[in-house]
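**Student:** Before I ask anything, let me first share the structure, which is written out below as structure tokens.
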Amino acid sequence: MVASYPSRRGVLVGGAALAALAALPVSEAVAGSRGYRWRNVVIGGTGFVTGVLFHPAVRGLAYARTDIGGAYRWDERRGRWLPLLDHIGWDDWNLLGVEAMAVDPAHPDRLYLAVGTYAQAWASNGAVLRSDDRGATWARTDLAVKLGANEDGRGTGERLLVDPRDSDVLWLGTRHDGLLKSTDRGATWAAADGFPATPSATGQGVTLLVAAGRAVYAGWGDGSPALYRTTDGTTWTAVPGQPAGAAARVPIRAAHDRHSRALYVTYADAPGPNGQSDGSVHKLSTTDGRWTEVTPVKPDGASDTFGYGGVAVDARRPGTVVVSTNNRWAAVDTVYRSTDGGRSWTSLKETAVLDVSETPYLKWGGEQAKFGWWIQALAVDPYDSRHVVFGTGATLYGTRDLVHWAPQIRGLEESSVRQLISPPAGEAHLISGLGDIGVMYHERLTASPSRGMAANPVFGTATGLAQAAAKPSYVVRTGWGDHGNGAHSEDGGKTWAPFAAQPAIAKDAPGPIAVSADGRVLLWSFVHWDGTRHPAHRSADHGATWTEVASFPKGATPLADPVDPARFYAYDTGTGTVHASTDGGLTFAARAGGLPSGDSQFKLVAAPGRTGDLWLSAKWNGLYRSTDGGATFTKVDSCWASYALGFGKAADGAGYPAVYQVGATGAITAIYRSDDGAKTWVRVNDDAHQWGWTGETIAGDPRVYGRVYVATNGRGIQYGEPA
């Protein structure tokens with residue numbers, strides 16, 4: 001999944017942080033709040049479901065993992081997924097990606113997660129989370145190694161396993177540090193003695209761990225041999241006779257049929273989910289060591305290229321197994337099913353009846369819903385042979401009869417949220433811009449948007465979203481798309497028309513956009529994915545023609561004054577200077593300077609209903625305010641860090657809109673509300689509702705006091721209201 005992440009520099013630490021905290025006025029201490037109810041704005045999935053695991057001994061007990069959005073437990077009675085890691089806080093944002101999970105067949109309440117989103121040098125080390133109550137509470141062990149839940153190979157696995165002979169022993173396969181072993185149920189970890197494969201600093205390492213009887217098998221993604229086995233928990237040897245060649249280069253997943261004592265292994269020439277062009281499926285008889293290739297269909301190396309991904313066996317029917325293709329874009333991925341141990345296969349895609357009515361965005365702006373893509377998570381319910389589920393890059397499909405398929409996704413929300421607008425009037429209380437799935441018009445917060453993804457054109461990731469403050473029916477959006485990168489709406493975001501023209505740079509560097517208060521002028525900035533900044537362009541005819549604005553700071557985010565249509569603003573994060581226009585965006589001039597600089601995530605916002613009332617969130621440098629259109633700024637002393645700031649309906653009797661921010665007034669970065677113009681703050685989330693990194697954007701509802709919408713990076717849009 002495409003994801004954003006916070007600055008690598010983190011926040012103030014040590015003496016600097018203590019000094020900042022000590023400087024806060026005592027009268028502005030934050031009161032903890034237990035009076036807010038938090039829920040997801042419903043979209044349904046939208047991210048890569050990388051693993052699904054049914055408990056083998058408990059009917060209806062299942063878990064799912066995602067690349068950047070935590071893990072979930074299935075609630076059979078309620079028919080929905082329950083998030084298990086919303087308690088992950090700001091400082092631990094890297095732990096919201098789940099690399100692997102494991103259950104203990106002998107102890108149904110035990111659950112283990114290996115967490116860590118990125119394996120890069122700037123990311124924190126991974127951790128193992130241990131639960132004795134199915135994820136309701138956790139104990140945590142920090143690791144000395146990094147994990148990569150959002151790296152290539154994130155759909156392989158599982159890389160975590162409870163030893164079949166001893167529930168106190170756990171195995172963890174890492175990408176760059178070999179195989180780890182714990183003998184105290186995950187409380188401590190050490191390198192596994194005797195594991196022969198040599199780790200690589202850039203490789204995949206251990207791709208899977210699976211139990212077959214009392215033996216444990218480990219897949220290896222960095223060369224041949226690619227499959228190892230231990231029968232005593234100490235000595236590891238390469239499995240004799242294992243397949244070789246490009247089609248069997250990387251073992252992706254494995255499943256053991258205890259009835260026939262066969263181990264099925266899927267392979268590909270790359271770890272995926274992208275970049276695979278060849279693959280195969282093989283079966284190992286664990287009784288006599290005989291290997292048999294059981295590949296359903298081989299890639300042709302030309303027009304139909306793909307690898308193999310998920311594999312699962314039917315616990316109730318010997319010889320019944322399902323496997324999935326992966327990265328098969330031409331013919332579209334499918335799930336194959338065999339009832340004779342892989343001698344013959346049936347593709348389930350051709351007879352599938354898809355029902356995506358609960359999550360209409362899966363029609364991708366009007367296209368026919370796809371059966372699947374990025375299928376590496378695949379599972380068969382051990383208590384229902386016809387209940388098969390598989391993950392995709394955006395949802396989790398399930399069937400109860402092998403024919404009718406629908407998203408089994410309620411409660412699982414994984415959007416990486418980029419922009420939020422809460423309109424002052426109209427049907428929708430929210431319009432959102434998202435990673436991977438464009439823009440959504442939320443006519444209801446409790447159901448997936450009926451219009452699905454904004455179309456004409458369809459975007460992947462949205463880069464800009466703006467509404468004319470004095471004409472809220474006029475909305476504009478920008479983003480990555482194959483058929484244009486900008487569009488405008490005359491009905492508040494329900495329907496769209498593409499810009500009649502666009503600057504040439506827009507295709508390769510679509511950036512943020514602003515619209516004047518009266519909807520007459522558009523200002524579009526351009527930033528390439530590699531950070532290269534380009535001149536902004538202006539249109540006064542709804543995108544029919546564009547002219548370069550040479551005096552606008554390259555790559556800055558444009559901001560329209562909410563009252564005066566002639567005024568625009570921009571903050572040059574490179575120099576710490578605010579620029580302003582009073583001629584409708586034709587020219588810009590520098591105003592206040594000497595402000596914090598050097599971070600592209602500093603954000604300038606304007607208070608609604610006021611001219612020139614600007615607020616600057618400068619992360620750990622604090623919060624600044626201007627009431628003269630950016631000529632001067634004053635530092636707000638009620639908080640020491642501010643990452644995102646927005647406004648909502650004022651409290652009864654208050655003369656200023658409610659101010660919401662992601663920031664810090666004390667030791668914890670959290671969600672705050674102020675009803676007195678940022679003089680004092682009240683924390684409105686709690687330790688159970690933190691969602692990792694939330695620093696992209698935040699918006700209050702201008703029609704409902706106390707309601708706030710929070711953008712997360714992997715847990716969708718959260719909204720809170722006073723209980």
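Every chain in the structure tokens has a letter given in the order shown (A, B, ...), and although residue numbers restart at 1 in each chain, ligands are simply numbered from 1 in the order shown.
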Got a sec: who's within 12 Å of A:Pro56, counting only C-alpha atoms, leaving out chain neighbours fewer than 4 positions off, as an NGL selection string?
**Tutor:** :A and (60-63 or 102-108 or 258 or 313-316 or 379-384)
**Student:** For stretch 366-375 of chain A, work out the shell of residues within 7 Å, counting only C-alpha atoms and skipping chain neighbours fewer than 6 positions away, then give it as a ChimeraX atom specification.
**Tutor:** /A:273,309-310,324-327,332-334,349,390-393
**Student:** Any chance you could export the current selection's C-alpha atoms as an mmCIF file, in the first residue's frame?
**Tutor:**
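selection-v5.cif, written as the output of this step:
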```
data_model
loop_
_atom_site.group_PDB
_atom_site.id
_atom_site.type_symbol
_atom_site.label_atom_id
_atom_site.label_comp_id
_atom_site.auth_asym_id
_atom_site.auth_seq_id
_atom_site.Cartn_x
_atom_site.Cartn_y
_atom_site.Cartn_z
ATOM 1 C CA PRO A 273 3.336 -8.325 -4.503
ATOM 2 C CA GLY A 309 0.820 -16.484 -3.944
ATOM 3 C CA GLY A 310 -1.540 -17.885 -1.360
ATOM 4 C CA SER A 324 -3.831 -18.116 -5.929
ATOM 5 C CA THR A 325 -2.002 -16.450 -8.749
ATOM 6 C CA ASN A 326 -0.380 -13.102 -8.072
ATOM 7 C CA ASN A 327 0.608 -10.122 -10.207
ATOM 8 C CA VAL A 332 -6.543 -11.081 -13.900
ATOM 9 C CA ASP A 333 -5.610 -13.109 -10.842
ATOM 10 C CA THR A 334 -7.650 -16.085 -9.774
ATOM 11 C CA LYS A 349 -12.848 -16.736 -11.113
ATOM 12 C CA PHE A 390 -8.587 -14.063 0.147
ATOM 13 C CA GLY A 391 -6.974 -10.671 0.516
ATOM 14 C CA THR A 392 -6.347 -8.175 -2.270
ATOM 15 C CA GLY A 393 -4.696 -4.792 -2.494
#
```
**Student:** Would you mind telling me which residue in A:Ser422, A:Thr117, A:Thr188, A:Gln276 lies nearest to A:Val708 when using only C-alpha atoms?
**Tutor:**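 Of A:Ser422, A:Thr117, A:Thr188, A:Gln276, the one nearest A:Val708 is A:Ser422, counting only C-alpha atoms.
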**Student:** Just list as an NGL selection string whatever in stretch 74-265 of chain A DSSP marks as strand (DSSP E or B).
**Tutor:** :A and (74-75 or 80-83 or 98-104 or 107-115 or 127-131 or 139-142 or 157 or 160-162 or 170-173 or 179-182 or 190-191 or 206-212 or 215-220 or 227-230 or 236-238 or 250-257 or 262-265)
**Student:** Just the selected residues (C-alpha atoms), exported as a CSV table (one decimal), in the first residue's frame, please.
**Tutor:**
```csv
chain,number,residue,atom,x,y,z
A,74,TRP,CA,-13.1,-11.5,13.4
A,75,ASP,CA,-16.2,-11.2,15.6
A,80,ARG,CA,-17.2,-7.6,11.6
A,81,TRP,CA,-13.5,-7.2,12.2
A,82,LEU,CA,-12.3,-5.7,15.5
A,83,PRO,CA,-9.1,-3.6,15.4
A,98,VAL,CA,2.1,-6.3,11.0
A,99,GLU,CA,4.8,-8.4,9.4
A,100,ALA,CA,3.5,-11.7,10.7
A,101,MET,CA,1.0,-13.4,13.1
A,102,ALA,CA,0.7,-16.7,14.9
A,103,VAL,CA,-1.8,-18.6,17.0
A,104,ASP,CA,-1.3,-21.5,19.4
A,107,HIS,CA,-4.2,-22.5,23.6
A,108,PRO,CA,-6.9,-20.6,21.7
A,109,ASP,CA,-6.6,-17.4,23.6
A,110,ARG,CA,-3.0,-16.8,22.7
A,111,LEU,CA,-2.1,-14.5,19.8
A,112,TYR,CA,1.3,-13.3,18.7
A,113,LEU,CA,2.2,-10.5,16.3
A,114,ALA,CA,5.5,-9.5,14.8
A,115,VAL,CA,5.2,-5.7,14.1
A,127,ALA,CA,8.7,-5.8,18.2
A,128,VAL,CA,6.7,-8.9,19.2
A,129,LEU,CA,3.3,-8.4,20.8
A,130,ARG,CA,1.9,-11.2,22.9
A,131,SER,CA,-1.7,-11.6,24.1
A,139,ALA,CA,2.7,-7.5,26.4
A,140,ARG,CA,5.5,-6.2,24.2
A,141,THR,CA,9.1,-7.3,23.6
A,142,ASP,CA,11.2,-4.9,21.6
A,157,GLY,CA,4.5,-15.9,5.3
A,160,LEU,CA,6.0,-16.3,12.9
A,161,LEU,CA,5.2,-19.7,14.3
A,162,VAL,CA,4.5,-21.5,17.6
A,170,LEU,CA,8.3,-19.6,19.0
A,171,TRP,CA,10.2,-19.0,15.8
A,172,LEU,CA,10.5,-15.6,14.0
A,173,GLY,CA,11.9,-15.3,10.5
A,179,LEU,CA,16.0,-16.9,12.1
A,180,LEU,CA,15.2,-16.0,15.7
A,181,LYS,CA,14.0,-18.3,18.5
A,182,SER,CA,12.2,-17.8,21.8
A,190,ALA,CA,18.0,-14.9,20.2
A,191,ALA,CA,19.4,-16.1,17.0
A,206,VAL,CA,13.1,-16.1,6.0
A,207,THR,CA,9.8,-15.8,3.9
A,208,LEU,CA,7.7,-18.4,5.7
A,209,LEU,CA,7.5,-20.8,8.7
A,210,VAL,CA,5.1,-23.7,8.7
A,211,ALA,CA,4.6,-26.7,10.9
A,212,ALA,CA,4.1,-30.2,9.3
A,215,ALA,CA,8.6,-30.7,11.9
A,216,VAL,CA,9.1,-27.0,11.1
A,217,TYR,CA,9.9,-25.8,7.6
A,218,ALA,CA,11.4,-22.4,6.8
A,219,GLY,CA,11.3,-20.7,3.4
A,220,TRP,CA,14.4,-18.7,2.3
A,227,LEU,CA,13.5,-24.5,1.9
A,228,TYR,CA,14.9,-25.8,5.2
A,229,ARG,CA,13.6,-28.2,7.8
A,230,THR,CA,14.1,-29.1,11.5
A,236,TRP,CA,18.3,-27.4,10.3
A,237,THR,CA,19.0,-29.0,6.9
A,238,ALA,CA,18.0,-28.2,3.3
A,250,VAL,CA,11.3,-17.5,-3.8
A,251,PRO,CA,8.9,-19.6,-1.6
A,252,ILE,CA,5.9,-17.5,-0.9
A,253,ARG,CA,3.6,-19.5,1.3
A,254,ALA,CA,3.1,-23.1,2.4
A,255,ALA,CA,0.3,-25.2,3.9
A,256,HIS,CA,0.2,-28.7,5.4
A,257,ASP,CA,-2.5,-31.3,4.8
A,262,ALA,CA,1.5,-33.3,2.0
A,263,LEU,CA,3.1,-29.9,2.2
A,264,TYR,CA,2.1,-27.5,-0.6
A,265,VAL,CA,4.4,-24.7,-1.4
```
**Student:** Can you tell me how far atom CA of A:Val476 sits from atom CA of A:Ala618, in Å to one decimal?
**Tutor:**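 Interatomic distance here is 26.2 Å.
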**Student:** Which is closest to A:Trp38 among A:Thr557, A:Ala136, A:Leu362, A:Asp86, if we use only C-alpha atoms?
**Tutor:**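 Closest candidate: A:Asp86.
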**Student:** Which residue, A:Ser415, A:Ser277, A:Ser539, A:Thr611, has the smallest gap to A:Ala469 when you use only C-alpha atoms?
**Tutor:**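 Selected residue with least distance to A:Ala469: A:Thr611.
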**Student:** Which value, in Å to one decimal, gives the distance between atom CA of A:Ala711 and atom CA of A:Gly69?
**Tutor:** 12.6 Å
**Student:** May I ask which of the residues A:Leu378, A:Phe633, A:Tyr36, A:Thr575 is the closest one to A:Glu158, counting only C-alpha atoms?
**Tutor:**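 Smallest distance to A:Glu158 is found for A:Leu378.
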**Student:** Show me, as a list in words, the residues that have an atom within 8 Å of stretch 428-432 of chain A when counting only C-alpha atoms, minus same-chain residues fewer than 6 positions from it.
**Tutor:**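 Residues meeting the cut-off are Val417, Arg418, Gln419, Leu420, Ile421, Ser422, Val439, Met440, Tyr441, His442, Glu443, Arg444, Leu445, Leu465, Gly493 and Asp701 of chain A.
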**Student:** Work out how far apart atom CA of A:Val356 and atom CA of A:Gly47 are and give it in Å to one decimal.
**Tutor:** 15.6 Å
**Student:** Which neighbours of A:Asp67 fall inside 6 Å, counting only C-alpha atoms, when residues of the same chain fewer than 2 positions from it are skipped, and could you give them as a ChimeraX atom specification?
**Tutor:** /A:97-98,149-150
**Student:** Which residues are close to A:Glu293, i.e. within 12 Å by only C-alpha atoms, leaving aside same-chain residues fewer than 2 positions away? Reply as number ranges by chain.
**Tutor:** A: 241-244, 247-248, 263-267, 279-285, 290-291, 295-298, 341-344
**Student:** Please save C-alpha atoms of the selected residues as a JSON list (two decimals), in the first residue's frame.
**Tutor:**
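Ended up saving to selection17.json:
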```
[["chain", "number", "residue", "atom", "x", "y", "z"],
["A", 241, "GLY", "CA", 15.02, -32.72, -3.95],
["A", 242, "GLN", "CA", 13.38, -29.32, -3.69],
["A", 243, "PRO", "CA", 12.47, -27.51, -6.91],
["A", 244, "ALA", "CA", 14.90, -25.11, -8.56],
["A", 247, "ALA", "CA", 9.78, -20.35, -11.21],
["A", 248, "ALA", "CA", 10.77, -21.67, -7.77],
["A", 263, "LEU", "CA", 3.14, -29.91, 2.22],
["A", 264, "TYR", "CA", 2.09, -27.53, -0.55],
["A", 265, "VAL", "CA", 4.42, -24.65, -1.38],
["A", 266, "THR", "CA", 3.81, -21.73, -3.74],
["A", 267, "TYR", "CA", 6.76, -20.11, -5.48],
["A", 279, "GLY", "CA", 5.92, -19.08, -10.52],
["A", 280, "SER", "CA", 4.92, -22.61, -9.63],
["A", 281, "VAL", "CA", 3.26, -24.84, -7.04],
["A", 282, "HIS", "CA", 4.90, -27.96, -5.62],
["A", 283, "LYS", "CA", 3.83, -30.71, -3.23],
["A", 284, "LEU", "CA", 6.15, -32.51, -0.82],
["A", 285, "SER", "CA", 5.17, -35.86, 0.64],
["A", 290, "ARG", "CA", 8.94, -37.14, -2.81],
["A", 291, "TRP", "CA", 8.32, -33.85, -4.62],
["A", 295, "THR", "CA", 1.21, -26.00, -10.86],
["A", 296, "PRO", "CA", -2.32, -25.30, -12.16],
["A", 297, "VAL", "CA", -1.29, -23.11, -15.11],
["A", 298, "LYS", "CA", 2.20, -22.03, -16.04],
["A", 341, "GLY", "CA", -4.22, -33.29, -4.26],
["A", 342, "GLY", "CA", -3.30, -31.02, -7.15],
["A", 343, "ARG", "CA", -3.72, -33.47, -10.04],
["A", 344, "SER", "CA", -6.45, -31.26, -11.51]]
```
